[in-house]
>>> print(open('structure15.txt').read())   # compact mmCIF, C-alpha atoms
# COMPACT_ATOMS: atom_id res chain seq x y z
CA MET A 1 35.35 -20.97 17.13
CA ARG A 2 37.62 -23.84 18.21
CA ILE A 3 40.67 -21.76 17.30
CA PHE A 4 39.34 -18.88 19.41
CA ILE A 5 38.81 -21.18 22.42
CA PHE A 6 42.29 -22.63 22.01
CA LEU A 7 43.87 -19.19 21.84
CA PHE A 8 41.86 -18.02 24.84
CA PHE A 9 43.05 -20.82 27.08
CA THR A 10 46.59 -20.49 25.76
CA LEU A 11 46.60 -16.82 26.73
CA GLN A 12 45.06 -17.60 30.10
CA PHE A 13 47.73 -20.17 30.82
CA SER A 14 50.50 -17.82 29.77
CA CYS A 15 49.22 -15.22 32.21
CA ILE A 16 49.59 -17.50 35.22
CA SER A 17 52.76 -19.27 34.18
CA GLN A 18 56.28 -18.00 34.39
CA ASN A 19 59.45 -18.68 32.55
CA PRO A 20 61.68 -20.89 34.77
CA SER A 21 64.40 -18.23 34.63
CA ASP A 22 61.93 -15.63 35.95
CA LEU A 23 61.01 -17.93 38.84
CA LYS A 24 64.67 -18.45 39.65
CA ASN A 25 65.40 -14.72 39.46
CA LYS A 26 62.60 -13.93 41.89
CA ASP A 27 63.82 -16.69 44.21
CA LEU A 28 67.34 -15.23 44.18
CA GLN A 29 66.03 -11.70 44.59
CA LEU A 30 64.14 -12.61 47.77
CA LEU A 31 67.17 -14.43 49.12
CA GLU A 32 69.43 -11.45 48.46
CA ILE A 33 67.08 -9.05 50.26
CA TYR A 34 66.92 -11.33 53.28
CA LYS A 35 70.70 -11.79 53.30
CA LYS A 36 71.14 -8.02 53.13
CA PHE A 37 68.83 -7.66 56.13
CA HIS A 38 70.79 -10.31 58.03
CA ASP A 39 74.08 -8.59 57.25
CA ASN A 40 72.64 -5.30 58.55
CA ARG A 41 70.55 -6.74 61.40
CA HIS A 42 72.36 -4.60 64.02
CA ASP A 43 72.15 -1.41 61.96
CA TYR A 44 69.20 0.17 63.78
CA ALA A 45 70.44 3.72 63.23
CA GLY A 46 71.26 3.33 59.57
CA LYS A 47 74.97 3.95 60.05
CA LYS A 48 75.74 1.87 56.97
CA GLY A 49 73.40 3.92 54.85
CA GLU A 50 70.23 1.86 55.34
CA ALA A 51 68.63 0.80 58.62
CA ARG A 52 67.80 -2.88 59.15
CA ASP A 53 64.03 -2.27 59.49
CA THR A 54 63.88 -0.66 56.06
CA ILE A 55 65.41 -3.75 54.47
CA LEU A 56 63.28 -6.09 56.57
CA ASN A 57 60.07 -4.30 55.53
CA ARG A 58 61.17 -4.53 51.91
CA PHE A 59 61.69 -8.27 52.29
CA LYS A 60 58.28 -8.83 53.87
CA LYS A 61 56.49 -6.66 51.31
CA SER A 62 58.25 -8.38 48.39
CA LEU A 63 57.62 -11.88 49.78
CA ILE A 64 53.91 -11.32 50.42
CA SER A 65 53.44 -9.71 47.01
CA THR A 66 55.19 -12.67 45.36
CA LEU A 67 53.09 -15.22 47.24
CA LYS A 68 49.89 -13.53 46.05
CA ASP A 69 50.97 -14.03 42.44
CA GLU A 70 49.56 -17.20 40.83
CA SER A 71 52.80 -17.52 38.86
CA TYR A 72 54.60 -18.52 42.05
CA LEU A 73 51.98 -20.87 43.46
CA GLU A 74 54.13 -23.96 42.99
CA ALA A 75 57.54 -22.29 42.89
CA PRO A 76 59.95 -24.33 45.08
CA PHE A 77 62.04 -21.32 46.17
CA ASP A 78 65.10 -23.54 46.38
CA SER A 79 67.45 -20.64 47.10
CA LEU A 80 65.24 -18.84 49.61
CA SER A 81 64.64 -22.09 51.49
CA THR A 82 68.33 -22.17 52.46
CA ARG A 83 67.62 -19.27 54.85
CA VAL A 84 63.83 -19.35 55.27
CA LYS A 85 61.87 -22.36 56.53
CA ILE A 86 59.14 -23.37 54.07
CA VAL A 87 56.54 -25.98 54.98
CA THR A 88 53.61 -27.18 52.85
CA SER A 89 50.35 -28.86 53.83
CA LYS A 90 49.55 -32.28 52.43
CA ASP A 91 46.67 -30.91 50.35
CA LYS A 92 49.09 -28.34 48.83
CA LYS A 93 46.76 -25.46 49.65
CA LEU A 94 48.73 -23.91 52.51
CA ARG A 95 52.40 -22.92 52.63
CA ILE A 96 54.10 -21.17 55.53
CA PHE A 97 57.39 -19.28 55.25
CA SER A 98 59.25 -18.57 58.54
CA TRP A 99 62.36 -16.46 59.10
CA ASP A 100 64.40 -15.01 61.96
CA GLU A 101 64.01 -11.26 62.52
CA LEU A 102 66.05 -11.00 65.70
CA ASN A 103 68.86 -13.13 67.04
CA GLY A 104 69.90 -11.67 70.36
CA GLY A 105 71.84 -14.71 71.46
CA THR A 106 69.27 -17.07 72.94
CA TRP A 107 66.30 -14.76 72.26
CA HIS A 108 64.78 -15.08 68.80
CA ILE A 109 61.88 -13.35 67.15
CA TYR A 110 60.59 -15.37 64.23
CA ASN A 111 58.02 -14.10 61.79
CA SER A 112 55.99 -15.98 59.19
CA ALA A 113 53.95 -15.45 56.06
CA PHE A 114 51.31 -17.73 54.59
CA GLN A 115 50.21 -18.56 51.06
CA TYR A 116 46.75 -20.10 50.79
CA LYS A 117 44.90 -21.27 47.68
CA THR A 118 41.11 -21.28 47.53
CA LYS A 119 38.58 -21.58 44.70
CA GLN A 120 38.16 -17.82 44.91
CA GLY A 121 41.83 -16.96 44.59
CA LEU A 122 45.30 -16.95 46.10
CA TYR A 123 45.94 -15.16 49.38
CA SER A 124 48.98 -14.22 51.41
CA GLY A 125 49.83 -12.24 54.54
CA LEU A 126 51.74 -12.28 57.81
CA LEU A 127 50.98 -15.10 60.23
CA SER A 128 52.57 -13.61 63.36
CA LEU A 129 51.53 -10.67 65.50
CA ASN A 130 53.15 -7.26 65.44
CA GLU A 131 56.74 -7.51 66.73
CA LYS A 132 55.92 -5.44 69.84
CA GLU A 133 52.93 -7.62 70.70
CA GLU A 134 54.39 -11.05 70.15
CA THR A 135 55.63 -11.69 73.68
CA ILE A 136 52.86 -9.96 75.61
CA GLY A 137 50.72 -12.35 77.64
CA GLU A 138 50.52 -15.81 76.12
CA HIS A 139 50.56 -15.03 72.41
CA TYR A 140 53.83 -16.82 71.64
CA THR A 141 53.36 -16.43 67.89
CA ASP A 142 57.00 -15.47 67.28
CA ILE A 143 57.80 -19.01 66.23
CA THR A 144 59.24 -20.79 63.25
CA HIS A 145 56.49 -23.02 61.87
CA TYR A 146 57.82 -26.39 60.74
CA GLU A 147 54.95 -28.89 60.68
CA ILE A 148 51.46 -28.84 59.16
CA ASN A 149 48.82 -31.52 59.64
CA ASN A 150 45.57 -31.53 57.63
CA ILE A 151 43.40 -32.24 60.62
CA ASP A 152 39.90 -31.50 59.33
CA ASP A 153 38.15 -30.00 56.34
CA GLY A 154 39.81 -26.60 55.93
CA LYS A 155 41.61 -26.84 59.30
CA TYR A 156 45.34 -27.21 59.82
CA LEU A 157 47.17 -28.15 63.00
CA VAL A 158 50.45 -26.25 62.75
CA LYS A 159 53.45 -26.76 65.02
CA GLY A 160 56.16 -24.22 65.75
CA TYR A 161 59.19 -23.52 67.91
CA GLY A 162 60.51 -20.41 69.64
CA THR A 163 62.70 -19.18 72.49
CA HIS A 164 62.73 -16.05 74.64
CA GLY A 165 66.03 -16.79 76.32
CA SER A 166 66.41 -17.27 80.09
CA GLY A 167 67.26 -20.91 79.54
CA LYS A 168 63.82 -21.74 78.15
CA GLU A 169 62.27 -22.68 74.83
CA PHE A 170 58.71 -23.41 73.78
CA PHE A 171 56.62 -25.33 71.30
CA VAL A 172 53.29 -24.06 70.01
CA TYR A 173 50.37 -25.79 68.32
CA ARG A 174 47.93 -23.62 66.39
CA LEU A 175 44.69 -24.72 64.72
CA LEU A 176 44.43 -22.51 61.66
CA SER A 177 41.65 -21.96 59.14
CA PHE A 178 40.92 -19.46 56.40
CA LYS A 179 38.47 -16.70 57.34
CA ASN A 180 37.75 -13.30 55.78
CA GLU A 181 40.66 -13.60 53.34
CA ASN A 182 43.12 -14.35 56.14
CA ILE A 183 44.50 -17.28 58.12
CA ALA A 184 43.23 -17.20 61.70
CA ASP A 185 43.71 -19.13 64.94
CA CYS A 186 40.78 -21.01 66.38
CA SER A 187 38.95 -19.52 69.34
CA GLY A 188 39.38 -21.39 72.61
CA CYS A 189 39.88 -24.76 70.94
CA PHE A 190 42.84 -25.93 73.06
CA ASN A 191 41.12 -26.66 76.33
CA GLY A 192 39.75 -23.12 76.34
CA LYS A 193 42.79 -21.34 74.84
CA ASP A 194 43.49 -20.21 71.29
CA ARG A 195 46.87 -21.98 71.17
CA PHE A 196 48.64 -24.77 73.00
CA VAL A 197 51.94 -23.46 74.40
CA TYR A 198 54.43 -25.85 75.98
CA GLU A 199 57.48 -24.22 77.57
CA ILE A 200 60.42 -26.31 78.72
CA THR A 201 63.99 -25.91 79.94
CA ARG A 202 66.34 -25.58 76.98
CA GLY A 203 68.08 -28.86 76.26
CA ASP A 204 65.37 -31.08 77.75
CA GLU A 205 64.17 -33.57 75.17
CA LEU A 206 60.49 -33.05 75.89
CA GLU A 207 59.11 -32.00 72.51
CA PRO A 208 55.34 -32.67 72.31
CA SER A 209 54.04 -34.74 69.42
CA PHE A 210 50.85 -35.24 67.43
CA ASN A 211 49.48 -38.68 66.55
CA LYS A 212 47.39 -38.27 63.40
CA ASP A 213 45.78 -41.71 63.70
CA LYS A 214 44.57 -41.07 67.25
CA MET A 215 44.16 -37.30 66.73
CA GLU A 216 46.04 -36.67 69.98
CA ILE A 217 48.73 -34.26 71.14
CA SER A 218 51.00 -35.91 73.75
CA TYR A 219 53.25 -34.05 76.18
CA TYR A 220 54.90 -34.56 79.57
CA GLU A 221 53.33 -33.19 82.72
CA LEU A 222 55.63 -30.59 84.30
CA GLU A 223 56.12 -29.41 87.87
CA GLU A 224 58.18 -26.72 89.58
CA SER A 225 61.77 -27.65 90.37
CA TYR A 226 63.62 -26.33 93.42
CA VAL A 227 67.23 -25.40 94.19
CA GLN A 228 68.77 -28.37 95.96
CA GLY A 229 65.29 -29.63 96.77
CA ASP A 230 64.48 -26.63 98.98
CA LYS A 231 60.73 -25.93 98.70
CA ASN A 232 61.41 -22.31 99.62
CA SER A 233 63.79 -21.84 96.69
CA PRO A 234 62.00 -22.35 93.36
CA SER A 235 64.44 -22.47 90.45
CA GLY A 236 62.12 -20.84 87.95
CA PHE A 237 62.31 -23.95 85.78
CA MET A 238 59.97 -26.88 85.34
CA LYS A 239 60.78 -30.57 85.32
CA PRO A 240 58.81 -33.58 84.03
CA THR A 241 56.94 -35.77 86.49
CA GLY A 242 57.14 -38.75 84.13
CA LYS A 243 53.40 -38.66 83.42
CA VAL A 244 52.26 -38.19 79.82
CA LEU A 245 49.25 -35.95 79.21
CA LYS A 246 47.12 -35.83 76.07
CA LEU A 247 44.81 -33.49 74.22
CA LYS A 248 42.20 -35.25 72.07
CA TYR A 249 40.71 -33.66 68.96
CA LYS A 250 36.98 -34.04 68.45
CA ASP A 251 34.30 -31.83 66.92
CA GLY A 252 36.71 -28.97 66.31
CA LEU A 253 38.19 -28.91 69.82
CA PHE A 254 41.23 -30.29 71.66
CA THR A 255 40.25 -31.35 75.16
CA VAL A 256 42.20 -33.02 77.96
CA LEU A 257 42.05 -36.80 77.69
CA ASN A 258 41.57 -38.41 81.07
CA ASN A 259 44.11 -41.22 81.49
>>> encode(input="structure15.txt", output="structure tokens")
Amino acid sequence: MRIFIFLFFTLQFSCISQNPSDLKNKDLQLLEIYKKFHDNRHDYAGKKGEARDTILNRFKKSLISTLKDESYLEAPFDSLSTRVKIVTSKDKKLRIFSWDELNGGTWHIYNSAFQYKTKQGLYSGLLSLNEKEETIGEHYTDITHYEINNIDDGKYLVKGYGTHGSGKEFFVYRLLSFKNENIADCSGCFNGKDRFVYEITRGDELEPSFNKDKMEISYYELEESYVQGDKNSPSGFMKPTGKVLKLKYKDGLFTVLNN
């Protein structure tokens, strides 16, 4: 009986483990697909024999399939990480992979995939909206995610960066949690909005920050700037007033902190 139990667990372990060479091969395979997409990123018509979207879809499908495999739960993806941003939560349950799908000069469209471990299983999927929907309204999900804070039980405050050109860039905070086998944004938790979006003039050093001890997001108050000070000639850009504003987290919500 003891031998049977030993063999059972040995077989179970072998099913979810991978030979280091297999892990490395998968890592290199994903990198090669992404590099091929990047090399053909302007090939919309397939003039080189394969259109960019075909390769991109292959990369996304292969990545998500890999991330759903228990064998790759703790794989470092050292090679892929040279081209794809990978960030991991402190509790090791959530990983986010972000990559650039469009570089039109100063306009970028980033996409992301998540890998999330629960007691029920391992899940993966896309974290951004459909490419055609990403810049409609105030979605601003076409960002590269680069910071995760374990903010509450099963809740993650995730920070990202993006730019839509026109001399502007933006930072986004999202409060994510796992629901219905997917990672989802909170509903109205940032002073009534699903996400906190902070758009600034490119080059201004005004990046917002999160203080984990105080559970506060700090950012500069912005106001309209004018061409040569003419109130009738708005520049289309914002400038800081010098005042620092804060959002305080409490009971699942970020609300404006009165200074």
>>> residues_around(input="structure15.txt", residues="Phe171 of chain A", least_positions_apart="3", cutoff="6 Å", atoms="all atoms listed in the file", output="PyMOL selection string")
chain A and resi 160-161+197-198
>>> write_last_selection(input="structure15.txt", atoms="C-alpha atoms", output="mmCIF file, keeping the file's coordinate frame")
data_model
loop_
_atom_site.group_PDB
_atom_site.id
_atom_site.type_symbol
_atom_site.label_atom_id
_atom_site.label_comp_id
_atom_site.auth_asym_id
_atom_site.auth_seq_id
_atom_site.Cartn_x
_atom_site.Cartn_y
_atom_site.Cartn_z
ATOM 1 C CA GLY A 160 56.160 -24.220 65.750
ATOM 2 C CA TYR A 161 59.190 -23.520 67.910
ATOM 3 C CA VAL A 197 51.940 -23.460 74.400
ATOM 4 C CA TYR A 198 54.430 -25.850 75.980
#
>>> residues_around(input="structure15.txt", residues="segment 86-103 of chain A", least_positions_apart="2", cutoff="10 Å", atoms="all atoms listed in the file", output="PyMOL selection string")
chain A and resi 34+37-38+41-42+52-53+56+63-64+67+73-74+76-78+80-84+105-118+122-128+131+142-150+154+156-158+160+177-178+183
>>> closest_residue(input="structure15.txt", among="A:Leu253, A:Ile200, A:Val227, A:Ala51", to="Lys36 of chain A", atoms="only C-alpha atoms")
A:Ala51
>>> closest_residue(input="structure15.txt", among="A:Leu245, A:Ile217, A:Leu257, A:Ile55", to="Val172 of chain A", atoms="all atoms listed in the file")
A:Ile217
>>> atom_distance(input="structure15.txt", atom1="atom CA of Gly121 of chain A", atom2="atom CA of Ser71 of chain A")
12.4 Å
>>> atom_distance(input="structure15.txt", atom1="atom CA of Leu30 of chain A", atom2="atom CA of Glu50 of chain A")
17.4 Å
>>> closest_residue(input="structure15.txt", among="A:Ser166, A:Thr141, A:Ser21, A:Ser62", to="Gly236 of chain A", atoms="all atoms listed in the file")
A:Ser166
>>> atom_distance(input="structure15.txt", atom1="atom CA of Gly162 of chain A", atom2="atom CA of Tyr140 of chain A")
7.8 Å
>>> residues_around(input="structure15.txt", residues="Leu23 of chain A", least_positions_apart="2", cutoff="10 Å", atoms="all atoms listed in the file", output="short mmCIF file (atom, residue, chain, number, x, y, z; two decimals) with C-alpha atoms, keeping the file's coordinate frame")
data_model
loop_
_atom_site.label_atom_id
_atom_site.label_comp_id
_atom_site.auth_asym_id
_atom_site.auth_seq_id
_atom_site.Cartn_x
_atom_site.Cartn_y
_atom_site.Cartn_z
CA SER A 17 52.76 -19.27 34.18
CA GLN A 18 56.28 -18.00 34.39
CA ASN A 19 59.45 -18.68 32.55
CA PRO A 20 61.68 -20.89 34.77
CA SER A 21 64.40 -18.23 34.63
CA ASN A 25 65.40 -14.72 39.46
CA LYS A 26 62.60 -13.93 41.89
CA ASP A 27 63.82 -16.69 44.21
CA LEU A 28 67.34 -15.23 44.18
CA GLN A 29 66.03 -11.70 44.59
CA SER A 71 52.80 -17.52 38.86
CA TYR A 72 54.60 -18.52 42.05
CA ALA A 75 57.54 -22.29 42.89
CA PRO A 76 59.95 -24.33 45.08
CA PHE A 77 62.04 -21.32 46.17
#
>>> closest_residue(input="structure15.txt", among="A:Asp213, A:Asp194, A:Glu169, A:Glu223", to="Ile151 of chain A", atoms="only C-alpha atoms")
A:Asp213
>>> residues_around(input="structure15.txt", residues="Tyr226 of chain A", least_positions_apart="2", cutoff="12 Å", atoms="all atoms listed in the file", output="list in words")
Glu223, Glu224, Gln228, Gly229, Asp230, Lys231, Asn232, Ser233, Pro234, Ser235, Gly236, Phe237, Met238 and Lys239 of chain A
>>> residues_around(input="structure15.txt", residues="Lys168 of chain A", least_positions_apart="2", cutoff="7 Å", atoms="all atoms listed in the file", output="tab-separated table (two decimals) with C-alpha atoms, keeping the file's coordinate frame")
chain	number	residue	atom	x	y	z
A	163	THR	CA	62.70	-19.18	72.49
A	164	HIS	CA	62.73	-16.05	74.64
A	165	GLY	CA	66.03	-16.79	76.32
A	166	SER	CA	66.41	-17.27	80.09
A	170	PHE	CA	58.71	-23.41	73.78
A	199	GLU	CA	57.48	-24.22	77.57
A	200	ILE	CA	60.42	-26.31	78.72
A	201	THR	CA	63.99	-25.91	79.94
A	202	ARG	CA	66.34	-25.58	76.98
>>> build_atoms(input="structure15.txt", residues="segment 77-97 of chain A", atoms="N, CA, C and O atoms", output="PDB file, in the coordinates of the input")
ATOM      1  N   PHE A  77      61.194 -22.248  45.429  1.00  0.00           N
ATOM      2  CA  PHE A  77      62.040 -21.320  46.170  1.00  0.00           C
ATOM      3  C   PHE A  77      63.245 -22.042  46.774  1.00  0.00           C
ATOM      4  O   PHE A  77      63.524 -21.953  47.975  1.00  0.00           O
ATOM      5  N   ASP A  78      63.962 -22.750  45.921  1.00  0.00           N
ATOM      6  CA  ASP A  78      65.100 -23.540  46.380  1.00  0.00           C
ATOM      7  C   ASP A  78      66.175 -22.693  47.048  1.00  0.00           C
ATOM      8  O   ASP A  78      66.794 -23.114  48.034  1.00  0.00           O
ATOM      9  N   SER A  79      66.424 -21.515  46.524  1.00  0.00           N
ATOM     10  CA  SER A  79      67.450 -20.640  47.100  1.00  0.00           C
ATOM     11  C   SER A  79      66.982 -20.020  48.410  1.00  0.00           C
ATOM     12  O   SER A  79      67.698 -20.034  49.415  1.00  0.00           O
ATOM     13  N   LEU A  80      65.776 -19.470  48.404  1.00  0.00           N
ATOM     14  CA  LEU A  80      65.240 -18.840  49.610  1.00  0.00           C
ATOM     15  C   LEU A  80      65.141 -19.833  50.761  1.00  0.00           C
ATOM     16  O   LEU A  80      65.361 -19.487  51.926  1.00  0.00           O
ATOM     17  N   SER A  81      64.827 -21.069  50.451  1.00  0.00           N
ATOM     18  CA  SER A  81      64.640 -22.090  51.490  1.00  0.00           C
ATOM     19  C   SER A  81      65.926 -22.426  52.231  1.00  0.00           C
ATOM     20  O   SER A  81      65.889 -23.108  53.258  1.00  0.00           O
ATOM     21  N   THR A  82      67.075 -21.951  51.736  1.00  0.00           N
ATOM     22  CA  THR A  82      68.330 -22.170  52.460  1.00  0.00           C
ATOM     23  C   THR A  82      68.422 -21.274  53.685  1.00  0.00           C
ATOM     24  O   THR A  82      69.220 -21.538  54.586  1.00  0.00           O
ATOM     25  N   ARG A  83      67.603 -20.204  53.716  1.00  0.00           N
ATOM     26  CA  ARG A  83      67.620 -19.270  54.850  1.00  0.00           C
ATOM     27  C   ARG A  83      66.247 -19.106  55.495  1.00  0.00           C
ATOM     28  O   ARG A  83      66.150 -18.592  56.613  1.00  0.00           O
ATOM     29  N   VAL A  84      65.202 -19.504  54.789  1.00  0.00           N
ATOM     30  CA  VAL A  84      63.830 -19.350  55.270  1.00  0.00           C
ATOM     31  C   VAL A  84      63.168 -20.727  55.292  1.00  0.00           C
ATOM     32  O   VAL A  84      63.239 -21.467  54.314  1.00  0.00           O
ATOM     33  N   LYS A  85      62.539 -21.070  56.410  1.00  0.00           N
ATOM     34  CA  LYS A  85      61.870 -22.360  56.530  1.00  0.00           C
ATOM     35  C   LYS A  85      60.548 -22.334  55.768  1.00  0.00           C
ATOM     36  O   LYS A  85      59.702 -21.464  55.997  1.00  0.00           O
ATOM     37  N   ILE A  86      60.374 -23.291  54.857  1.00  0.00           N
ATOM     38  CA  ILE A  86      59.140 -23.370  54.070  1.00  0.00           C
ATOM     39  C   ILE A  86      58.499 -24.736  54.315  1.00  0.00           C
ATOM     40  O   ILE A  86      59.131 -25.774  54.138  1.00  0.00           O
ATOM     41  N   VAL A  87      57.258 -24.733  54.724  1.00  0.00           N
ATOM     42  CA  VAL A  87      56.540 -25.980  54.980  1.00  0.00           C
ATOM     43  C   VAL A  87      55.204 -25.939  54.247  1.00  0.00           C
ATOM     44  O   VAL A  87      54.557 -24.894  54.169  1.00  0.00           O
ATOM     45  N   THR A  88      54.810 -27.092  53.695  1.00  0.00           N
ATOM     46  CA  THR A  88      53.610 -27.180  52.850  1.00  0.00           C
ATOM     47  C   THR A  88      52.645 -28.218  53.400  1.00  0.00           C
ATOM     48  O   THR A  88      53.060 -29.301  53.832  1.00  0.00           O
ATOM     49  N   SER A  89      51.355 -27.905  53.377  1.00  0.00           N
ATOM     50  CA  SER A  89      50.350 -28.860  53.830  1.00  0.00           C
ATOM     51  C   SER A  89      50.204 -29.995  52.825  1.00  0.00           C
ATOM     52  O   SER A  89      50.550 -29.854  51.651  1.00  0.00           O
ATOM     53  N   LYS A  90      49.691 -31.106  53.276  1.00  0.00           N
ATOM     54  CA  LYS A  90      49.550 -32.280  52.430  1.00  0.00           C
ATOM     55  C   LYS A  90      48.622 -32.032  51.255  1.00  0.00           C
ATOM     56  O   LYS A  90      48.817 -32.568  50.155  1.00  0.00           O
ATOM     57  N   ASP A  91      47.596 -31.197  51.440  1.00  0.00           N
ATOM     58  CA  ASP A  91      46.670 -30.910  50.350  1.00  0.00           C
ATOM     59  C   ASP A  91      47.199 -29.829  49.400  1.00  0.00           C
ATOM     60  O   ASP A  91      46.507 -29.443  48.456  1.00  0.00           O
ATOM     61  N   LYS A  92      48.406 -29.318  49.682  1.00  0.00           N
ATOM     62  CA  LYS A  92      49.090 -28.340  48.830  1.00  0.00           C
ATOM     63  C   LYS A  92      48.421 -26.964  48.801  1.00  0.00           C
ATOM     64  O   LYS A  92      48.799 -26.096  48.010  1.00  0.00           O
ATOM     65  N   LYS A  93      47.449 -26.743  49.655  1.00  0.00           N
ATOM     66  CA  LYS A  93      46.760 -25.460  49.650  1.00  0.00           C
ATOM     67  C   LYS A  93      47.457 -24.406  50.501  1.00  0.00           C
ATOM     68  O   LYS A  93      47.370 -23.205  50.220  1.00  0.00           O
ATOM     69  N   LEU A  94      48.128 -24.846  51.557  1.00  0.00           N
ATOM     70  CA  LEU A  94      48.730 -23.910  52.510  1.00  0.00           C
ATOM     71  C   LEU A  94      50.246 -24.073  52.552  1.00  0.00           C
ATOM     72  O   LEU A  94      50.761 -25.183  52.684  1.00  0.00           O
ATOM     73  N   ARG A  95      50.943 -22.947  52.415  1.00  0.00           N
ATOM     74  CA  ARG A  95      52.400 -22.920  52.630  1.00  0.00           C
ATOM     75  C   ARG A  95      52.707 -21.835  53.646  1.00  0.00           C
ATOM     76  O   ARG A  95      52.101 -20.758  53.644  1.00  0.00           O
ATOM     77  N   ILE A  96      53.675 -22.135  54.516  1.00  0.00           N
ATOM     78  CA  ILE A  96      54.100 -21.170  55.530  1.00  0.00           C
ATOM     79  C   ILE A  96      55.599 -20.950  55.405  1.00  0.00           C
ATOM     80  O   ILE A  96      56.371 -21.903  55.343  1.00  0.00           O
ATOM     81  N   PHE A  97      55.991 -19.677  55.357  1.00  0.00           N
ATOM     82  CA  PHE A  97      57.390 -19.280  55.250  1.00  0.00           C
ATOM     83  C   PHE A  97      57.780 -18.617  56.585  1.00  0.00           C
ATOM     84  O   PHE A  97      57.150 -17.648  56.998  1.00  0.00           O
TER      85      PHE A  97
END
